>>> print(open('query-v1.csv').read())   # CSV, C-alpha atoms
chain,number,residue,atom,x,y,z
A,6,MET,CA,0.0,0.0,0.0
A,7,TRP,CA,1.3,3.4,-1.0
A,8,THR,CA,-0.3,6.9,-0.4
A,9,GLU,CA,-0.1,10.0,-2.6
A,10,ASP,CA,-0.6,13.7,-2.0
A,11,GLU,CA,0.4,17.1,-3.3
A,12,ALA,CA,1.6,19.6,-0.7
A,13,GLY,CA,2.0,23.4,-1.0
A,14,PRO,CA,2.2,26.1,-2.2
A,15,TYR,CA,5.3,27.2,-0.3
A,16,GLN,CA,6.2,30.9,-0.7
A,17,THR,CA,9.6,32.7,-0.8
A,18,VAL,CA,9.0,34.0,2.7
A,19,PRO,CA,10.9,33.7,6.0
A,20,TYR,CA,9.8,30.5,7.9
A,21,SER,CA,9.8,30.5,11.6
A,22,GLY,CA,11.8,27.8,13.4
A,23,ALA,CA,14.9,27.0,15.4
A,24,SER,CA,18.4,27.0,13.9
A,25,TRP,CA,22.0,26.2,15.1
A,26,GLN,CA,23.5,29.5,16.0
A,27,PRO,CA,26.4,30.6,18.4
A,28,ALA,CA,25.2,31.4,21.9
A,29,GLY,CA,24.1,35.0,22.1
A,30,GLN,CA,24.0,35.4,18.3
A,31,PRO,CA,20.4,34.5,17.3
A,32,LYS,CA,19.6,34.2,13.6
A,33,LEU,CA,17.9,37.4,12.4
A,34,MET,CA,15.2,37.1,9.8
A,35,PRO,CA,14.1,40.0,7.5
A,36,HIS,CA,10.7,41.4,7.9
A,37,GLU,CA,10.2,41.8,4.1
A,38,TYR,CA,10.3,39.4,1.2
A,39,VAL,CA,10.1,39.5,-2.5
A,40,PRO,CA,7.3,37.3,-4.0
A,41,ARG,CA,9.0,35.3,-6.7
A,42,GLY,CA,6.5,32.5,-7.1
A,43,THR,CA,5.7,29.3,-5.1
A,44,ALA,CA,6.8,25.7,-5.1
A,45,LYS,CA,4.8,22.5,-4.4
A,46,LEU,CA,5.7,18.9,-3.5
A,47,LEU,CA,4.5,15.7,-5.2
A,48,THR,CA,4.8,12.8,-2.7
A,49,LEU,CA,4.4,9.0,-2.8
A,50,PHE,CA,4.7,7.4,0.6
A,51,HIS,CA,5.1,3.7,1.7
A,52,PRO,CA,4.0,3.6,5.3
A,53,ALA,CA,5.1,0.0,5.9
A,54,THR,CA,8.8,0.9,5.3
A,55,GLY,CA,8.8,4.7,5.5
A,56,GLU,CA,10.1,5.1,2.0
A,57,VAL,CA,9.1,8.4,0.4
A,58,ARG,CA,9.4,9.5,-3.3
A,59,ALA,CA,9.2,13.2,-3.6
A,60,HIS,CA,9.4,15.6,-6.5
A,61,GLY,CA,9.4,19.4,-6.2
A,62,VAL,CA,7.4,21.3,-8.9
A,63,ARG,CA,6.1,24.8,-9.5
A,64,ARG,CA,2.6,23.6,-10.4
A,65,THR,CA,0.6,20.4,-9.9
A,66,THR,CA,-1.6,20.3,-13.0
A,67,ASN,CA,-2.5,17.0,-14.5
A,68,LYS,CA,0.1,17.5,-17.2
A,69,ILE,CA,2.8,17.6,-14.5
A,70,LEU,CA,1.3,15.2,-11.9
A,71,HIS,CA,0.1,12.3,-14.1
A,72,PRO,CA,3.4,11.7,-16.0
A,73,TRP,CA,5.4,11.7,-12.8
A,74,LEU,CA,2.9,9.4,-11.1
A,75,ARG,CA,3.0,6.9,-14.0
A,76,GLU,CA,6.8,6.8,-14.0
A,77,GLU,CA,7.0,6.2,-10.2
A,78,LEU,CA,4.1,3.7,-10.0
A,79,ARG,CA,5.6,1.7,-13.0
A,80,ASP,CA,8.9,1.6,-11.2
A,81,ILE,CA,7.3,0.4,-7.9
A,82,VAL,CA,5.2,-2.3,-9.6
A,83,GLU,CA,8.2,-3.7,-11.5
A,84,SER,CA,10.2,-4.0,-8.3
A,85,LEU,CA,7.4,-6.0,-6.6
A,86,PRO,CA,7.9,-9.8,-6.3
A,87,GLU,CA,5.7,-12.1,-8.4
A,88,ARG,CA,2.6,-13.5,-6.8
A,89,GLU,CA,3.0,-17.1,-5.7
A,90,THR,CA,-0.7,-18.0,-6.2
A,91,VAL,CA,-2.5,-17.5,-9.5
A,92,LEU,CA,-6.2,-16.8,-9.1
A,93,GLY,CA,-8.9,-17.6,-11.6
A,94,PRO,CA,-10.8,-14.7,-13.4
A,95,GLU,CA,-13.7,-14.8,-10.9
A,96,GLU,CA,-11.5,-15.0,-7.8
A,97,ASN,CA,-9.3,-12.3,-9.2
A,98,LEU,CA,-12.2,-9.9,-9.8
A,99,SER,CA,-13.6,-10.7,-6.4
A,100,GLU,CA,-10.3,-9.7,-4.8
A,101,TRP,CA,-10.4,-6.4,-6.5
A,102,LYS,CA,-14.0,-5.8,-5.5
A,103,SER,CA,-13.3,-6.7,-1.9
A,104,TRP,CA,-11.6,-3.3,-1.5
A,105,GLN,CA,-14.8,-1.6,-2.4
A,106,GLU,CA,-17.0,-3.2,0.3
A,107,GLY,CA,-18.9,-0.6,2.3
A,108,LEU,CA,-18.2,2.2,-0.1
A,109,SER,CA,-21.2,4.4,-1.1
A,110,VAL,CA,-19.6,5.4,-4.4
A,111,LYS,CA,-17.6,2.7,-6.2
A,112,ILE,CA,-15.3,2.9,-9.2
A,113,THR,CA,-16.5,0.9,-12.2
A,114,LEU,CA,-13.8,-1.7,-12.7
A,115,PRO,CA,-13.0,-3.2,-16.1
A,116,LYS,CA,-14.2,-6.8,-16.7
A,117,GLU,CA,-10.7,-8.1,-17.4
A,118,LEU,CA,-8.1,-7.2,-14.7
A,119,PRO,CA,-4.6,-8.3,-14.1
A,120,PRO,CA,-3.6,-9.7,-10.7
A,121,LEU,CA,-3.9,-7.1,-7.9
A,122,ARG,CA,-0.4,-5.9,-7.1
A,123,MET,CA,-0.7,-2.5,-5.3
A,124,LEU,CA,-3.1,-0.2,-3.4
A,125,VAL,CA,-2.9,3.6,-3.8
A,126,ILE,CA,-4.7,5.9,-1.4
A,127,TRP,CA,-5.1,9.5,-2.3
A,128,ASP,CA,-7.5,12.4,-1.9
A,129,ASN,CA,-10.9,12.6,-3.7
A,130,ILE,CA,-10.3,15.6,-6.0
A,131,ILE,CA,-11.1,16.1,-9.7
A,132,GLY,CA,-7.5,15.6,-10.9
A,133,HIS,CA,-7.5,12.1,-9.3
A,134,LEU,CA,-10.6,11.0,-11.1
A,135,ASN,CA,-9.1,11.1,-14.6
A,136,ALA,CA,-10.5,8.1,-16.5
A,137,GLU,CA,-7.4,7.6,-18.7
A,138,LEU,CA,-5.1,7.5,-15.6
A,139,LEU,CA,-7.4,5.2,-13.7
A,140,LEU,CA,-7.5,2.7,-16.6
A,141,TRP,CA,-3.8,2.8,-16.9
A,142,MET,CA,-3.4,2.1,-13.2
A,143,PHE,CA,-5.9,-0.8,-13.4
A,144,SER,CA,-3.9,-2.3,-16.3
A,145,LYS,CA,-0.8,-2.3,-14.0
A,146,GLY,CA,-2.6,-4.1,-11.2
A,147,ILE,CA,-3.1,-0.9,-9.1
A,148,MET,CA,-6.3,-0.4,-7.1
A,149,VAL,CA,-7.2,3.1,-6.2
A,150,LEU,CA,-8.9,4.0,-2.9
A,151,TYR,CA,-10.1,7.6,-2.2
A,152,THR,CA,-10.3,9.3,1.1
A,153,PRO,CA,-13.8,10.6,2.0
A,154,LEU,CA,-14.5,14.3,1.7
A,155,GLY,CA,-13.2,16.0,4.8
A,156,GLY,CA,-11.1,12.9,5.6
A,157,SER,CA,-7.8,13.8,4.1
A,158,TRP,CA,-6.2,13.1,7.6
A,159,LEU,CA,-6.6,9.4,6.7
A,160,ASN,CA,-3.8,9.9,4.1
A,161,MET,CA,-0.5,9.2,5.8
A,162,THR,CA,1.3,11.2,3.1
A,163,GLU,CA,0.3,14.4,4.9
A,164,SER,CA,2.2,13.3,8.0
A,165,ILE,CA,5.5,12.7,6.1
A,166,GLN,CA,5.0,16.0,4.2
A,167,ARG,CA,4.9,17.9,7.5
A,168,ILE,CA,8.1,16.3,8.6
A,169,LEU,CA,9.9,17.0,5.3
A,170,VAL,CA,8.7,20.6,5.1
A,171,GLY,CA,9.7,21.2,8.7
A,172,ARG,CA,13.2,19.8,8.1
A,173,ALA,CA,13.6,21.7,4.8
A,174,LEU,CA,12.2,25.2,5.6
A,175,SER,CA,12.1,25.6,9.3
A,176,GLY,CA,14.2,28.7,10.2
A,177,GLU,CA,15.1,29.4,6.6
A,178,HIS,CA,14.3,32.2,4.1
A,179,PRO,CA,14.3,30.9,0.6
A,180,ARG,CA,14.8,33.6,-2.1
A,181,TYR,CA,13.6,31.6,-5.1
A,182,PRO,CA,11.1,28.7,-5.6
A,183,GLU,CA,14.0,26.6,-7.0
A,184,GLN,CA,15.6,26.8,-3.6
A,185,ILE,CA,12.5,25.5,-2.0
A,186,ILE,CA,12.4,22.6,-4.4
A,187,GLU,CA,16.0,21.8,-3.9
A,188,TRP,CA,15.7,21.8,-0.1
A,189,LEU,CA,12.5,19.7,-0.1
A,190,GLU,CA,14.0,17.0,-2.3
A,191,ALA,CA,17.2,17.0,-0.2
A,192,ALA,CA,15.1,16.5,2.9
A,193,ALA,CA,13.4,13.5,1.3
A,194,ARG,CA,16.8,12.0,0.3
A,195,GLY,CA,18.0,12.4,3.9
A,196,TRP,CA,14.8,10.8,5.2
A,197,ASN,CA,15.3,7.8,2.9
A,198,ARG,CA,18.7,7.1,4.3
A,199,ASP,CA,17.1,5.9,7.6
A,200,PRO,CA,13.3,5.9,7.1
A,201,THR,CA,10.8,5.2,9.8
A,202,PRO,CA,7.7,3.0,9.2
A,203,PHE,CA,4.3,4.6,10.0
A,204,GLU,CA,1.3,2.9,11.6
A,205,TRP,CA,-2.0,3.8,13.1
A,206,GLY,CA,-2.2,3.7,16.9
A,207,GLY,CA,1.6,3.5,17.3
A,208,ARG,CA,3.8,4.7,20.1
A,209,ARG,CA,3.2,8.4,19.2
A,210,ALA,CA,-0.6,7.8,19.6
A,211,LEU,CA,0.0,6.1,23.0
A,212,ARG,CA,2.1,9.1,24.2
A,213,ARG,CA,-0.6,11.5,23.1
A,214,ALA,CA,-3.2,9.5,24.9
A,215,ARG,CA,-1.1,9.5,28.1
A,216,ALA,CA,-0.5,13.2,27.8
A,217,ARG,CA,-4.3,13.8,27.3
A,218,LYS,CA,-5.1,11.9,30.5
A,219,ARG,CA,-2.5,13.9,32.5
A,220,ARG,CA,-3.9,17.2,31.2
A,221,HIS,CA,-7.5,16.2,32.0
A,222,ALA,CA,-7.0,14.1,35.0
A,223,LEU,CA,-9.5,16.2,37.0
A,224,GLY,CA,-12.1,15.9,34.4
A,225,GLY,CA,-14.5,18.8,34.5
A,226,SER,CA,-18.2,19.6,34.2
A,227,GLY,CA,-17.9,20.8,30.6
A,228,ALA,CA,-20.0,23.9,31.4
A,229,CYS,CA,-19.5,27.2,29.7
A,230,THR,CA,-20.5,30.8,29.9
A,231,ARG,CA,-22.1,33.0,27.3
A,232,ARG,CA,-20.7,36.2,28.9
A,233,PRO,CA,-17.1,37.0,28.1
A,234,ILE,CA,-14.8,36.5,31.0
A,235,ARG,CA,-12.4,39.4,31.7
A,236,ARG,CA,-8.8,38.2,31.6
A,237,ARG,CA,-6.0,40.0,33.3
A,238,ARG,CA,-3.2,41.2,31.0
A,239,THR,CA,0.2,39.8,31.3
A,240,ILE,CA,3.2,42.0,31.9
A,241,MET,CA,4.2,41.9,28.2
A,242,GLU,CA,0.7,42.7,27.1
A,243,LYS,CA,0.6,45.7,29.4
A,244,TRP,CA,4.0,46.9,28.1
A,245,ARG,CA,2.9,46.5,24.4
A,246,HIS,CA,-0.3,48.4,25.1
A,247,ALA,CA,1.6,51.2,26.9
A,248,SER,CA,4.1,51.4,24.1
A,249,GLN,CA,1.6,51.9,21.3
A,250,THR,CA,1.9,55.3,19.5
A,251,THR,CA,-1.1,57.6,19.6
A,252,HIS,CA,-2.5,59.7,16.8
>>> encode(input="query-v1.csv", output="structure tokens")
Amino acid sequence: MWTEDEAGPYQTVPYSGASWQPAGQPKLMPHEYVPRGTAKLLTLFHPATGEVRAHGVRRTTNKILHPWLREELRDIVESLPERETVLGPEENLSEWKSWQEGLSVKITLPKELPPLRMLVIWDNIIGHLNAELLLWMFSKGIMVLYTPLGGSWLNMTESIQRILVGRALSGEHPRYPEQIIEWLEAAARGWNRDPTPFEWGGRRALRRARARKRRHALGGSGACTRRPIRRRRTIMEKWRHASQTTH
């Protein structure tokens, strides 16, 4: 199973974040920037191994996305081992349709299908519903599963994209979109040197559950007020308010 998503756009602006600097010499970021365009990131992710295939682009139109996707998917399918068991036509079609059980909207599958080799999960948007691309994927033994509307969080690619973007752009100020593309692809290459598998309900989920229990150990009534509660200003807020210029 692989997942796919397009991230961005990323602008040529200063990005907040930490950086390695000598003590007492913090990195200073400019307050202005020159808009020179944006960059985006095409991403294929294999949660079981953590492998990521990323490609930086200026736009994510079908003319750019589909050729890249075909090339990467063809390479992945060709690297897969051959299936040990050969199913008959009816059993093979039943295996394909088993991944559509419970879906309210189902893709119309061709009558003749090769052995199922791969699952691809991606978002339910117009560009991913291209009939020509879907038929090509079916001919390669690739089954497509769409995330429901408002359920893009089910796509694990978004998780790896946040990591790559943080590593590439945090604390940096790219001047040109080509720099953003170079840094994002470099972050992906660095990740693939020692990838981390992803899974639902792993150690990170357990840590978050324990932290949530600690924060809400006393529970609470869940009551609320419809009248705004006056909050005391902090020292910094008082200072900012007192330092405002008057007209």
>>> atom_distance(input="query-v1.csv", atom1="atom CA of Leu124 of chain A", atom2="atom CA of Ile147 of chain A")
5.7 Å
>>> residues_near_point(input="query-v1.csv", point="(6.8, 3.7, 0.0)", cutoff="10 Å", atoms="only C-alpha atoms", output="JSON, numbers by chain")
{"A": [6, 7, 8, 9, 48, 49, 50, 51, 52, 53, 54, 55, 56, 57, 58, 81, 162, 197, 200, 202]}
>>> write_last_selection(input="query-v1.csv", atoms="C-alpha atoms", output="compact mmCIF listing (two decimals), in the frame of the given file")
# COMPACT_ATOMS: atom_id res chain seq x y z
CA MET A 6 0.00 0.00 0.00
CA TRP A 7 1.30 3.40 -1.00
CA THR A 8 -0.30 6.90 -0.40
CA GLU A 9 -0.10 10.00 -2.60
CA THR A 48 4.80 12.80 -2.70
CA LEU A 49 4.40 9.00 -2.80
CA PHE A 50 4.70 7.40 0.60
CA HIS A 51 5.10 3.70 1.70
CA PRO A 52 4.00 3.60 5.30
CA ALA A 53 5.10 0.00 5.90
CA THR A 54 8.80 0.90 5.30
CA GLY A 55 8.80 4.70 5.50
CA GLU A 56 10.10 5.10 2.00
CA VAL A 57 9.10 8.40 0.40
CA ARG A 58 9.40 9.50 -3.30
CA ILE A 81 7.30 0.40 -7.90
CA THR A 162 1.30 11.20 3.10
CA ASN A 197 15.30 7.80 2.90
CA PRO A 200 13.30 5.90 7.10
CA PRO A 202 7.70 3.00 9.20
>>> closest_residue(input="query-v1.csv", among="A:Trp158, A:Tyr151, A:Tyr181, A:Tyr20", to="Ile126 of chain A", atoms="only C-alpha atoms")
A:Tyr151
>>> closest_residue(input="query-v1.csv", among="A:Leu33, A:Val18, A:Met123, A:Leu139", to="Ser84 of chain A", atoms="all atoms listed in the file")
A:Met123
>>> atom_distance(input="query-v1.csv", atom1="atom CA of Gln166 of chain A", atom2="atom CA of Glu106 of chain A")
29.5 Å
>>> closest_residue(input="query-v1.csv", among="A:Trp244, A:Trp101, A:Trp25, A:Trp188", to="Phe143 of chain A", atoms="only C-alpha atoms")
A:Trp101
>>> atom_distance(input="query-v1.csv", atom1="atom CA of Arg167 of chain A", atom2="atom CA of His71 of chain A")
22.8 Å
>>> closest_residue(input="query-v1.csv", among="A:Glu83, A:Glu76, A:Asp128, A:Glu137", to="Leu150 of chain A", atoms="all atoms listed in the file")
A:Asp128
